[in-house]
>>> print(open('upload_10.txt').read())   # compact mmCIF, C-alpha atoms and all ligand atoms
# COMPACT_ATOMS: atom_id res chain seq x y z
CA MET A 1197 25.11 10.42 -24.98
CA THR A 1198 24.31 14.14 -25.09
CA GLU A 1199 25.92 16.90 -23.03
CA HIS A 1200 22.60 17.04 -21.14
CA ALA A 1201 22.82 13.40 -20.03
CA THR A 1202 21.32 12.74 -16.59
CA ARG A 1203 24.10 11.73 -14.18
CA TRP A 1204 23.03 8.68 -12.16
CA GLY A 1205 24.47 7.33 -8.93
CA ILE A 1206 23.64 3.91 -7.48
CA LEU A 1207 23.70 2.85 -3.82
CA GLY A 1208 24.44 -0.89 -3.53
CA THR A 1209 26.21 -3.43 -5.71
CA GLY A 1210 23.84 -6.43 -5.75
CA ASN A 1211 21.47 -7.91 -8.35
CA ALA A 1212 19.24 -4.86 -8.77
CA ALA A 1213 22.27 -2.54 -8.97
CA ARG A 1214 23.69 -4.67 -11.81
CA THR A 1215 20.41 -4.57 -13.76
CA ILE A 1216 19.95 -0.83 -13.27
CA ALA A 1217 23.59 -0.04 -14.13
CA ALA A 1218 23.24 -1.89 -17.45
CA ALA A 1219 19.95 -0.08 -18.19
CA ILE A 1220 21.48 3.34 -17.40
CA ARG A 1221 24.42 2.56 -19.67
CA SER A 1222 22.16 1.60 -22.58
CA ALA A 1223 19.32 4.13 -22.10
CA ARG A 1224 19.26 7.42 -24.02
CA ASP A 1225 20.64 10.58 -22.35
CA SER A 1226 21.99 8.75 -19.29
CA MET A 1227 25.37 8.49 -17.68
CA LEU A 1228 26.35 6.12 -14.89
CA GLN A 1229 28.35 8.64 -12.90
CA ALA A 1230 28.93 6.83 -9.60
CA VAL A 1231 28.38 3.67 -7.57
CA ALA A 1232 28.73 3.41 -3.80
CA SER A 1233 29.29 0.36 -1.66
CA ARG A 1234 28.93 0.37 2.13
CA GLY A 1235 32.32 0.72 3.71
CA GLY A 1236 34.01 0.21 0.34
CA HIS A 1237 34.39 -3.53 0.92
CA ARG A 1238 33.03 -4.36 -2.55
CA ARG A 1239 35.18 -2.09 -4.75
CA GLU A 1240 35.55 -4.76 -7.43
CA GLN A 1241 31.76 -5.26 -7.64
CA SER A 1242 31.30 -1.48 -7.80
CA ARG A 1243 33.92 -1.13 -10.55
CA ALA A 1244 32.31 -3.95 -12.56
CA LEU A 1245 29.14 -1.86 -12.89
CA GLY A 1246 31.12 0.61 -15.03
CA PRO A 1247 30.68 3.99 -13.29
CA ARG A 1248 32.96 7.00 -13.70
CA GLU A 1249 33.42 7.31 -9.92
CA LEU A 1250 33.53 4.82 -7.04
CA HIS A 1251 32.53 5.84 -3.52
CA ASP A 1252 33.40 3.94 -0.37
CA SER A 1253 30.31 5.08 1.50
CA TYR A 1254 26.72 5.98 0.71
CA GLU A 1255 27.32 9.31 2.46
CA ALA A 1256 30.13 10.22 0.04
CA LEU A 1257 27.96 9.54 -3.01
CA ALA A 1258 25.04 11.50 -1.55
CA ALA A 1259 27.37 14.47 -0.99
CA SER A 1260 28.84 14.41 -4.54
CA ASP A 1261 28.15 17.45 -6.72
CA ASN A 1262 28.38 15.31 -9.86
CA ILE A 1263 25.10 13.43 -9.39
CA ASP A 1264 21.59 14.39 -10.54
CA VAL A 1265 19.67 11.33 -9.32
CA VAL A 1266 20.43 8.41 -7.02
CA HIS A 1267 19.00 4.93 -7.56
CA ILE A 1268 18.67 3.09 -4.25
CA ALA A 1269 19.29 -0.64 -4.79
CA THR A 1270 19.65 -1.83 -1.20
CA PRO A 1271 17.52 -4.24 0.92
CA HIS A 1272 13.95 -3.14 1.69
CA THR A 1273 14.72 -2.28 5.31
CA ALA A 1274 17.49 0.14 4.23
CA HIS A 1275 15.40 2.11 1.70
CA PHE A 1276 14.03 4.63 4.21
CA GLN A 1277 17.41 5.64 5.72
CA ASN A 1278 19.18 5.61 2.34
CA ALA A 1279 16.48 7.75 0.70
CA LEU A 1280 16.48 10.10 3.69
CA LEU A 1281 20.27 10.53 3.34
CA CYS A 1282 20.05 11.38 -0.37
CA LEU A 1283 17.02 13.68 -0.09
CA GLU A 1284 18.59 15.53 2.85
CA ALA A 1285 21.61 16.11 0.59
CA GLY A 1286 19.26 17.61 -2.02
CA LYS A 1287 19.51 14.69 -4.48
CA SER A 1288 16.66 13.35 -6.56
CA VAL A 1289 15.87 9.73 -5.69
CA VAL A 1290 14.57 6.64 -7.48
CA CYS A 1291 14.10 3.96 -4.84
CA GLU A 1292 13.63 0.24 -5.41
CA LYS A 1293 10.30 -1.22 -4.45
CA PRO A 1294 8.85 -1.38 -1.87
CA LEU A 1295 9.57 2.31 -1.22
CA THR A 1296 9.54 1.77 2.56
CA MET A 1297 8.46 -0.77 5.18
CA SER A 1298 5.51 1.35 6.36
CA ARG A 1299 3.06 4.02 5.23
CA SER A 1300 4.39 6.43 7.81
CA GLU A 1301 7.96 6.13 6.46
CA ALA A 1302 6.70 6.67 2.89
CA GLU A 1303 4.83 9.77 4.06
CA GLN A 1304 8.01 11.17 5.70
CA LEU A 1305 10.03 10.68 2.49
CA ILE A 1306 7.35 12.33 0.36
CA LEU A 1307 7.15 15.33 2.70
CA LEU A 1308 10.95 15.65 2.73
CA ALA A 1309 11.20 15.42 -1.08
CA ARG A 1310 8.53 18.10 -1.43
CA SER A 1311 10.24 20.38 1.09
CA LYS A 1312 13.56 20.00 -0.77
CA GLY A 1313 11.99 20.36 -4.23
CA ALA A 1314 13.59 17.00 -5.14
CA PHE A 1315 12.26 14.33 -7.49
CA LEU A 1316 11.22 11.07 -5.76
CA MET A 1317 9.87 7.91 -7.38
CA GLU A 1318 9.46 4.22 -6.51
CA ALA A 1319 11.14 2.03 -9.14
CA VAL A 1320 8.13 -0.03 -10.22
CA TRP A 1321 9.64 -0.59 -13.67
CA PRO A 1322 6.77 -2.54 -15.38
CA ARG A 1323 4.65 0.63 -15.21
CA PHE A 1324 6.83 2.10 -18.00
CA LEU A 1325 6.65 -0.80 -20.46
CA PRO A 1326 4.91 0.08 -23.75
CA ALA A 1327 2.24 -2.65 -23.44
CA VAL A 1328 1.41 -1.55 -19.89
CA ILE A 1329 1.13 2.12 -20.90
CA ARG A 1330 -1.08 1.09 -23.85
CA SER A 1331 -3.37 -0.96 -21.56
CA ARG A 1332 -3.86 2.04 -19.27
CA GLU A 1333 -4.61 4.29 -22.26
CA LEU A 1334 -7.24 1.82 -23.54
CA VAL A 1335 -8.92 1.82 -20.13
CA GLU A 1336 -8.75 5.62 -19.80
CA HIS A 1337 -10.32 6.04 -23.27
CA GLY A 1338 -13.18 3.73 -22.28
CA SER A 1339 -12.28 1.17 -24.98
CA ILE A 1340 -13.32 -1.80 -22.81
CA GLY A 1341 -15.96 -0.04 -20.72
CA ARG A 1342 -15.76 0.34 -16.95
CA PRO A 1343 -12.96 -1.70 -15.27
CA GLN A 1344 -14.32 -4.09 -12.64
CA PHE A 1345 -11.47 -6.42 -11.63
CA VAL A 1346 -7.69 -6.75 -12.06
CA ASN A 1347 -6.20 -10.21 -11.58
CA THR A 1348 -2.39 -10.46 -11.46
CA SER A 1349 -0.18 -13.50 -11.05
CA ILE A 1350 3.57 -13.03 -10.53
CA ALA A 1351 5.72 -16.05 -9.67
CA ILE A 1352 9.50 -15.66 -9.77
CA HIS A 1353 11.65 -18.51 -8.52
CA LEU A 1354 14.16 -17.03 -6.09
CA ASP A 1355 16.22 -19.81 -4.59
CA PRO A 1356 17.21 -19.19 -0.93
CA ALA A 1357 20.87 -20.15 -1.52
CA ALA A 1358 21.26 -17.63 -4.37
CA HIS A 1359 19.02 -14.95 -2.83
CA PRO A 1360 19.53 -15.03 0.97
CA ARG A 1361 18.23 -11.43 1.35
CA VAL A 1362 14.79 -12.48 0.13
CA TYR A 1363 14.48 -15.06 2.96
CA ASP A 1364 15.99 -12.91 5.74
CA PRO A 1365 13.31 -11.43 8.05
CA SER A 1366 15.78 -8.84 9.37
CA LEU A 1367 16.12 -7.44 5.81
CA GLY A 1368 12.36 -7.34 5.21
CA GLY A 1369 12.31 -10.69 3.39
CA GLY A 1370 9.24 -12.58 2.22
CA VAL A 1371 7.07 -12.65 -0.86
CA ILE A 1372 4.82 -9.72 0.08
CA ASN A 1373 7.73 -7.27 0.25
CA GLU A 1374 9.62 -8.85 -2.66
CA LEU A 1375 6.83 -9.16 -5.23
CA GLY A 1376 3.65 -7.65 -3.75
CA SER A 1377 4.33 -4.19 -5.21
CA TYR A 1378 3.79 -5.51 -8.75
CA PRO A 1379 0.13 -6.65 -8.49
CA LEU A 1380 -0.68 -3.60 -6.37
CA ALA A 1381 0.88 -1.22 -8.91
CA PHE A 1382 -1.03 -2.83 -11.79
CA ALA A 1383 -4.32 -2.78 -9.87
CA ILE A 1384 -3.99 0.77 -8.48
CA GLY A 1385 -3.06 2.05 -11.95
CA ILE A 1386 -6.37 0.76 -13.32
CA MET A 1387 -8.80 0.71 -10.37
CA GLY A 1388 -7.56 3.62 -8.23
CA PRO A 1389 -6.37 3.53 -4.62
CA VAL A 1390 -6.76 0.51 -2.36
CA LEU A 1391 -9.50 1.18 0.22
CA GLY A 1392 -9.16 -2.15 2.03
CA SER A 1393 -7.20 -5.40 1.69
CA LYS A 1394 -7.18 -9.01 2.84
CA ALA A 1395 -4.11 -11.21 2.58
CA ILE A 1396 -3.29 -14.86 3.14
CA SER A 1397 0.07 -16.58 2.75
CA THR A 1398 1.92 -19.86 3.13
CA GLN A 1399 5.44 -20.41 4.35
CA SER A 1400 7.74 -23.31 5.16
CA GLY A 1401 10.60 -21.29 6.70
CA LEU A 1402 11.01 -17.90 8.33
CA VAL A 1403 9.18 -15.81 5.72
CA SER A 1404 6.04 -16.11 3.56
CA GLU A 1405 6.69 -17.69 0.16
CA ASN A 1406 3.24 -17.59 -1.51
CA CYS A 1407 0.63 -14.90 -0.96
CA LEU A 1408 -2.76 -13.86 -2.18
CA MET A 1409 -3.79 -10.22 -1.73
CA GLN A 1410 -7.38 -9.20 -2.37
CA CYS A 1411 -8.22 -5.51 -2.46
CA VAL A 1412 -11.21 -3.21 -2.68
CA HIS A 1413 -10.43 -0.13 -4.81
CA GLN A 1414 -12.30 3.01 -5.69
CA ALA A 1415 -13.44 1.45 -8.99
CA GLY A 1416 -13.75 -2.27 -8.15
CA LEU A 1417 -11.75 -5.26 -6.95
CA SER A 1418 -8.31 -6.78 -7.47
CA SER A 1419 -6.55 -9.97 -6.65
CA GLY A 1420 -2.81 -10.58 -6.72
CA PHE A 1421 -1.05 -13.92 -6.37
CA CYS A 1422 2.74 -13.94 -5.85
CA SER A 1423 5.19 -16.76 -5.31
CA LEU A 1424 8.94 -17.12 -4.74
CA LYS A 1425 8.79 -20.88 -5.25
CA PHE A 1426 8.52 -21.35 -9.02
CA GLN A 1427 8.80 -19.48 -12.29
CA GLY A 1428 5.32 -18.67 -13.54
CA ARG A 1429 4.07 -17.40 -16.88
CA ASN A 1430 3.09 -14.13 -15.15
CA GLN A 1431 0.11 -12.22 -16.43
CA VAL A 1432 -2.28 -9.38 -15.72
CA VAL A 1433 -5.96 -9.59 -16.66
CA ILE A 1434 -8.14 -6.45 -16.64
CA VAL A 1435 -11.82 -7.37 -16.64
CA ALA A 1436 -14.18 -4.55 -17.70
CA SER A 1437 -17.85 -4.07 -18.53
CA ASP A 1438 -17.34 -4.20 -22.34
CA GLY A 1439 -14.17 -6.25 -22.72
CA GLN A 1440 -10.99 -7.61 -21.26
CA LEU A 1441 -7.26 -6.91 -21.58
CA THR A 1442 -4.58 -9.52 -20.93
CA LEU A 1443 -0.90 -8.63 -20.58
CA LEU A 1444 1.39 -11.57 -21.23
CA PRO A 1445 5.11 -12.14 -21.61
CA ALA A 1446 6.55 -13.09 -25.00
CA SER A 1447 10.33 -13.44 -24.79
CA GLY A 1448 10.72 -11.00 -21.88
CA LYS A 1449 8.12 -9.29 -19.69
CA PHE A 1450 4.66 -8.14 -20.77
CA GLU A 1451 5.16 -7.49 -24.48
CA THR A 1452 1.88 -9.05 -25.63
CA LEU A 1453 -1.49 -7.38 -25.14
CA LEU A 1454 -4.69 -9.31 -25.90
CA ILE A 1455 -7.72 -7.06 -26.40
CA TRP A 1456 -11.04 -8.91 -26.20
CA SER A 1457 -14.24 -7.10 -27.08
CA GLY A 1458 -17.39 -8.07 -25.20
CA ASN A 1459 -19.43 -6.43 -27.99
CA ASN A 1460 -18.38 -8.76 -30.83
CA GLY A 1461 -16.50 -11.54 -28.97
CA LYS A 1462 -13.37 -10.93 -31.07
CA GLU A 1463 -9.84 -10.74 -29.74
CA ILE A 1464 -6.91 -8.94 -31.29
CA THR A 1465 -3.26 -9.34 -30.32
CA GLU A 1466 -0.89 -6.40 -30.12
CA ASP A 1467 2.86 -6.97 -30.06
CA HIS A 1468 4.83 -4.45 -27.98
CA ALA A 1469 8.20 -6.19 -28.17
CA TYR A 1470 11.24 -4.30 -26.98
CA ALA A 1471 14.99 -4.73 -27.05
CA GLY A 1472 16.92 -4.71 -23.77
CA THR A 1473 15.75 -5.62 -20.30
CA GLY A 1474 12.76 -3.26 -20.19
CA TYR A 1475 14.26 -1.18 -17.35
CA GLU A 1476 15.48 1.34 -19.95
CA PHE A 1477 11.94 2.74 -20.31
CA MET A 1478 11.91 3.69 -16.62
CA ILE A 1479 15.39 5.25 -16.82
CA GLU A 1480 14.45 7.33 -19.87
CA HIS A 1481 11.21 8.43 -18.19
CA VAL A 1482 13.15 9.60 -15.12
CA ASN A 1483 15.63 11.44 -17.37
CA GLU A 1484 12.68 13.29 -18.88
CA CYS A 1485 11.24 14.13 -15.44
CA ILE A 1486 14.62 15.50 -14.27
CA ARG A 1487 15.12 17.44 -17.52
CA GLU A 1488 11.65 18.99 -17.24
CA GLY A 1489 12.14 19.84 -13.55
CA TRP A 1490 9.21 17.66 -12.40
CA ASN A 1491 9.29 16.55 -8.76
CA GLU A 1492 7.22 13.45 -9.35
CA SER A 1493 6.40 11.06 -12.14
CA PRO A 1494 3.02 11.31 -13.88
CA LEU A 1495 3.24 7.54 -14.55
CA MET A 1496 4.26 6.43 -11.04
CA PRO A 1497 2.94 9.21 -8.78
CA LEU A 1498 3.78 9.42 -5.09
CA ALA A 1499 0.11 9.03 -4.12
CA ASP A 1500 0.25 5.51 -5.61
CA SER A 1501 3.44 4.70 -3.67
CA LEU A 1502 1.88 5.98 -0.44
CA ASN A 1503 -1.23 3.88 -1.05
CA MET A 1504 0.91 0.83 -1.90
CA ALA A 1505 3.00 1.26 1.25
CA GLY A 1506 -0.18 1.24 3.37
CA ALA A 1507 -1.59 -1.82 1.57
CA LEU A 1508 1.68 -3.77 1.87
CA GLU A 1509 1.98 -2.90 5.56
CA SER A 1510 -1.55 -4.15 6.16
CA CYS A 1511 -0.99 -7.37 4.15
CA ASN A 1512 2.27 -8.04 6.04
CA GLN A 1513 0.47 -7.58 9.36
CA GLN A 1514 -2.29 -9.98 8.34
CA CYS A 1515 0.25 -12.64 7.29
CA SER A 1516 2.72 -12.31 10.15
CA MET A 1517 3.36 -15.51 12.08
CA PRO A 1518 2.37 -15.51 15.77
CA ALA A 1519 5.47 -14.97 17.96
N1 LIG A 1601 17.14 -8.53 -7.91
C1 LIG A 1601 16.45 -7.88 -8.81
O1 LIG A 1601 16.55 -8.11 -10.02
C2 LIG A 1601 15.47 -6.82 -8.37
C3 LIG A 1601 14.53 -6.44 -9.25
C4 LIG A 1601 13.68 -5.44 -8.88
C5 LIG A 1601 13.80 -4.88 -7.64
N2 LIG A 1601 14.73 -5.27 -6.75
C6 LIG A 1601 14.82 -4.59 -5.44
O2 LIG A 1601 16.15 -4.10 -5.27
C7 LIG A 1601 16.52 -4.10 -3.89
C8 LIG A 1601 17.84 -4.83 -3.76
O3 LIG A 1601 17.67 -6.16 -4.19
P1 LIG A 1601 18.91 -7.04 -4.70
O4 LIG A 1601 18.30 -8.26 -5.27
O5 LIG A 1601 19.84 -6.24 -5.51
O6 LIG A 1601 19.63 -7.39 -3.30
P2 LIG A 1601 21.10 -7.91 -3.10
O7 LIG A 1601 21.58 -8.61 -4.32
O8 LIG A 1601 21.12 -8.61 -1.80
O9 LIG A 1601 21.96 -6.57 -2.98
C9 LIG A 1601 21.66 -5.59 -2.03
C10 LIG A 1601 22.85 -4.64 -1.91
O10 LIG A 1601 22.52 -3.67 -0.94
C11 LIG A 1601 23.67 -3.30 -0.19
N3 LIG A 1601 23.29 -3.31 1.24
C12 LIG A 1601 23.06 -2.22 1.99
N4 LIG A 1601 22.70 -2.55 3.23
C13 LIG A 1601 22.72 -3.90 3.30
C14 LIG A 1601 22.49 -4.83 4.34
N5 LIG A 1601 22.15 -4.46 5.58
N6 LIG A 1601 22.59 -6.13 4.04
C15 LIG A 1601 22.92 -6.54 2.80
N7 LIG A 1601 23.17 -5.69 1.77
C16 LIG A 1601 23.09 -4.37 2.02
C17 LIG A 1601 24.78 -4.25 -0.57
O11 LIG A 1601 25.71 -3.55 -1.36
P3 LIG A 1601 27.05 -2.92 -0.73
O12 LIG A 1601 27.40 -3.76 0.46
O13 LIG A 1601 28.03 -3.03 -1.83
O14 LIG A 1601 26.75 -1.52 -0.36
C18 LIG A 1601 24.13 -5.30 -1.44
O15 LIG A 1601 24.92 -5.68 -2.52
C19 LIG A 1601 15.35 -4.76 -3.15
O16 LIG A 1601 14.57 -3.75 -2.56
C20 LIG A 1601 14.55 -5.48 -4.25
O17 LIG A 1601 13.16 -5.50 -3.98
C21 LIG A 1601 15.56 -6.25 -7.09
>>> encode(input="upload_10.txt", output="structure tokens")
Amino acid sequence: MTEHATRWGILGTGNAARTIAAAIRSARDSMLQAVASRGGHRREQSRALGPRELHDSYEALAASDNIDVVHIATPHTAHFQNALLCLEAGKSVVCEKPLTMSRSEAEQLILLARSKGAFLMEAVWPRFLPAVIRSRELVEHGSIGRPQFVNTSIAIHLDPAAHPRVYDPSLGGGVINELGSYPLAFAIGIMGPVLGSKAISTQSGLVSENCLMQCVHQAGLSSGFCSLKFQGRNQVVIVASDGQLTLLPASGKFETLLIWSGNNGKEITEDHAYAGTGYEFMIEHVNECIREGWNESPLMPLADSLNMAGALESCNQQCSMPA
């Protein structure tokens, strides 16, 4: 760790907080300065994350002078208020996905961050993986022609007993909020903003468990399937006029990139294996943004988060059960 290490704080002590804490501890130029739990009732869980300081309220962490950036790892419905608290206190913020529950809330956070000169980013961590960055570069350089369609499938088995938050409507539960940001982030990164969307879903309990989102973008179409019910292989396929890219997992998430050329019918395989969980790439990117004094990420810009918030809000409305 260097003397210029970025000092991170985390709000929340659940699953995401544990993953992010480990990534901060192992990423370059990072220090896990503080963790806060609501009301201090989970001091042991906070301590287990390994920070230098523990705070018994989110307000206390937001007010600390020892923090450069706060990672918000709380339920979806709390993101807006928690981010507001930290931005008002002049802190930079990395907020778990989805950034907010509505486009209007996302817009308010973006305006506040800009008025405070603070960094704000939605934590869509796959955007920072080497294979994903390479796929975007290939598209930008025209290596597979004009992109036409992005097809993403993300199925992560989240059992209701182990993950009650994900099935709780009052905490913004359901597959669209839990996983929908991933296909949208892949598609928007390649095809540009969503101009319109259609969504269908199935559910057996209080929240949707499988969904299909179909979007019209500036450059073409996308389709995203998500499920909470089983563990899928998980892949992204980018179909273009002169070729196709396929992002696949190897031992972790999206380390393999298949590049198929429509000109000669040949396919090559690139291996972008990494050590660690993969979240370290996002942490190191944020460290760079903070070091350079940037107020937003060039890889996960706020315009994408605003567009995603609008698309998710629309998909949720289309899939809501009649009262
Ligand atoms: N699980 C993952 O691996 C993962 C991966 C990517 C993204 N995410 C995102 O991270 C966020 C948190 O997910 P999670 O899986 O970490 O959830 P979780 O395990 O349920 O933990 C959420 C934490 O938020 C705090 N919290 C604040 N207000 C709360 C409330 N009203 N009810 C319950 N908890 C509240 C709690 O910590 P204190 O009580 O200690 O303050 C709790 O430990 C979500 O937005 C999710 O989309 C999660």
>>> closest_atom_pairs(input="upload_10.txt", of="chain A", to="ligand LIG 1601 (chain A)", cutoff="6 Å", atoms="all atoms listed in the file", output="tab-separated table")
residue	atom	partner	partner_atom	distance
A:Gly1208	CA	A:LIG1601	O11	3.7
A:Thr1209	CA	A:LIG1601	O15	4.1
A:Gly1210	CA	A:LIG1601	O9	3.4
A:Asn1211	CA	A:LIG1601	O5	3.7
A:Ala1212	CA	A:LIG1601	O5	3.6
A:Ala1213	CA	A:LIG1601	O5	5.6
A:Ser1233	CA	A:LIG1601	O14	3.4
A:Arg1234	CA	A:LIG1601	O14	3.8
A:Arg1238	CA	A:LIG1601	O13	5.2
A:Ala1269	CA	A:LIG1601	C7	4.5
A:Thr1270	CA	A:LIG1601	O10	3.4
A:Pro1271	CA	A:LIG1601	O16	4.6
A:His1272	CA	A:LIG1601	O16	4.3
A:Ala1274	CA	A:LIG1601	N4	5.9
A:Glu1292	CA	A:LIG1601	C6	5.0
A:Lys1293	CA	A:LIG1601	O17	5.2
A:Arg1361	CA	A:LIG1601	O8	5.1
A:Glu1374	CA	A:LIG1601	O17	5.0
>>> residues_around(input="upload_10.txt", residues="Met1387 (chain A)", least_positions_apart="2", cutoff="12 Å", atoms="all atoms listed in the file", output="ChimeraX atom specification")
/A:1332,1335-1336,1342-1347,1379-1385,1389-1391,1411-1419,1434-1436,1500
>>> residues_near_point(input="upload_10.txt", point="(13.4, 5.1, -16.1)", cutoff="9 Å", atoms="all atoms listed in the file", output="PDB file with C-alpha atoms, in the frame of the given file")
ATOM      1  CA  ALA A1219      19.950  -0.080 -18.190  1.00  0.00           C
ATOM      2  CA  ILE A1220      21.480   3.340 -17.400  1.00  0.00           C
ATOM      3  CA  ALA A1223      19.320   4.130 -22.100  1.00  0.00           C
ATOM      4  CA  VAL A1290      14.570   6.640  -7.480  1.00  0.00           C
ATOM      5  CA  ALA A1319      11.140   2.030  -9.140  1.00  0.00           C
ATOM      6  CA  TRP A1321       9.640  -0.590 -13.670  1.00  0.00           C
ATOM      7  CA  PHE A1324       6.830   2.100 -18.000  1.00  0.00           C
ATOM      8  CA  TYR A1475      14.260  -1.180 -17.350  1.00  0.00           C
ATOM      9  CA  GLU A1476      15.480   1.340 -19.950  1.00  0.00           C
ATOM     10  CA  PHE A1477      11.940   2.740 -20.310  1.00  0.00           C
ATOM     11  CA  MET A1478      11.910   3.690 -16.620  1.00  0.00           C
ATOM     12  CA  ILE A1479      15.390   5.250 -16.820  1.00  0.00           C
ATOM     13  CA  GLU A1480      14.450   7.330 -19.870  1.00  0.00           C
ATOM     14  CA  HIS A1481      11.210   8.430 -18.190  1.00  0.00           C
ATOM     15  CA  VAL A1482      13.150   9.600 -15.120  1.00  0.00           C
ATOM     16  CA  ASN A1483      15.630  11.440 -17.370  1.00  0.00           C
ATOM     17  CA  GLU A1484      12.680  13.290 -18.880  1.00  0.00           C
TER      18      GLU A1484
END
>>> atom_distance(input="upload_10.txt", atom1="CA of Pro1445 (chain A)", atom2="CA of Leu1228 (chain A)")
28.8 Å
>>> atom_distance(input="upload_10.txt", atom1="CA of Cys1511 (chain A)", atom2="CA of Leu1307 (chain A)")
24.2 Å
>>> atom_distance(input="upload_10.txt", atom1="CA of Gly1420 (chain A)", atom2="CA of Ser1516 (chain A)")
17.8 Å
>>> residues_around(input="upload_10.txt", residues="Gly1439 (chain A)", least_positions_apart="5", cutoff="6 Å", atoms="only C-alpha atoms", output="PyMOL selection string")
chain A and resi 1340+1456-1458
>>> closest_residue(input="upload_10.txt", among="A:Trp1490, A:Ala1351, A:Gly1205, A:Met1227", to="Leu1250 (chain A)", atoms="all atoms listed in the file")
A:Gly1205
>>> closest_residue(input="upload_10.txt", among="A:Leu1502, A:Val1265, A:Cys1515, A:Ala1358", to="Arg1299 (chain A)", atoms="all atoms listed in the file")
A:Leu1502
>>> closest_residue(input="upload_10.txt", among="A:Ser1298, A:Ser1288, A:Asn1491, A:Gln1277", to="Asp1264 (chain A)", atoms="only C-alpha atoms")
A:Ser1288
>>> build_atoms(input="upload_10.txt", residues="region 1324-1339 of chain A", atoms="N, CA and C atoms", output="mmCIF file, in the coordinates of the input")
data_model
loop_
_atom_site.group_PDB
_atom_site.id
_atom_site.type_symbol
_atom_site.label_atom_id
_atom_site.label_comp_id
_atom_site.auth_asym_id
_atom_site.auth_seq_id
_atom_site.Cartn_x
_atom_site.Cartn_y
_atom_site.Cartn_z
ATOM 1 N N PHE A 1324 6.327 1.288 -16.877
ATOM 2 C CA PHE A 1324 6.830 2.100 -18.000
ATOM 3 C C PHE A 1324 6.943 1.304 -19.293
ATOM 4 N N LEU A 1325 6.569 0.023 -19.249
ATOM 5 C CA LEU A 1325 6.650 -0.800 -20.460
ATOM 6 C C LEU A 1325 5.573 -0.366 -21.454
ATOM 7 N N PRO A 1326 5.882 -0.394 -22.753
ATOM 8 C CA PRO A 1326 4.910 0.080 -23.750
ATOM 9 C C PRO A 1326 3.550 -0.620 -23.671
ATOM 10 N N ALA A 1327 3.524 -1.934 -23.479
ATOM 11 C CA ALA A 1327 2.240 -2.650 -23.440
ATOM 12 C C ALA A 1327 1.407 -2.236 -22.221
ATOM 13 N N VAL A 1328 2.109 -1.947 -21.128
ATOM 14 C CA VAL A 1328 1.410 -1.550 -19.890
ATOM 15 C C VAL A 1328 0.833 -0.142 -20.052
ATOM 16 N N ILE A 1329 1.611 0.753 -20.647
ATOM 17 C CA ILE A 1329 1.130 2.120 -20.900
ATOM 18 C C ILE A 1329 -0.073 2.066 -21.848
ATOM 19 N N ARG A 1330 0.018 1.233 -22.873
ATOM 20 C CA ARG A 1330 -1.080 1.090 -23.850
ATOM 21 C C ARG A 1330 -2.344 0.555 -23.161
ATOM 22 N N SER A 1331 -2.194 -0.399 -22.246
ATOM 23 C CA SER A 1331 -3.370 -0.960 -21.560
ATOM 24 C C SER A 1331 -4.057 0.115 -20.713
ATOM 25 N N ARG A 1332 -3.256 0.974 -20.078
ATOM 26 C CA ARG A 1332 -3.860 2.040 -19.270
ATOM 27 C C ARG A 1332 -4.561 3.062 -20.156
ATOM 28 N N GLU A 1333 -3.969 3.334 -21.331
ATOM 29 C CA GLU A 1333 -4.610 4.290 -22.260
ATOM 30 C C GLU A 1333 -5.958 3.731 -22.735
ATOM 31 N N LEU A 1334 -5.981 2.424 -23.060
ATOM 32 C CA LEU A 1334 -7.240 1.820 -23.540
ATOM 33 C C LEU A 1334 -8.325 1.941 -22.470
ATOM 34 N N VAL A 1335 -7.943 1.713 -21.221
ATOM 35 C CA VAL A 1335 -8.920 1.820 -20.130
ATOM 36 C C VAL A 1335 -9.378 3.265 -19.973
ATOM 37 N N GLU A 1336 -8.400 4.204 -19.990
ATOM 38 C CA GLU A 1336 -8.750 5.620 -19.800
ATOM 39 C C GLU A 1336 -9.658 6.138 -20.917
ATOM 40 N N HIS A 1337 -9.473 5.604 -22.143
ATOM 41 C CA HIS A 1337 -10.320 6.040 -23.270
ATOM 42 C C HIS A 1337 -11.655 5.306 -23.303
ATOM 43 N N GLY A 1338 -11.892 4.427 -22.351
ATOM 44 C CA GLY A 1338 -13.180 3.730 -22.280
ATOM 45 C C GLY A 1338 -13.330 2.614 -23.305
ATOM 46 N N SER A 1339 -12.205 2.160 -23.889
ATOM 47 C CA SER A 1339 -12.280 1.170 -24.980
ATOM 48 C C SER A 1339 -12.856 -0.162 -24.546
#
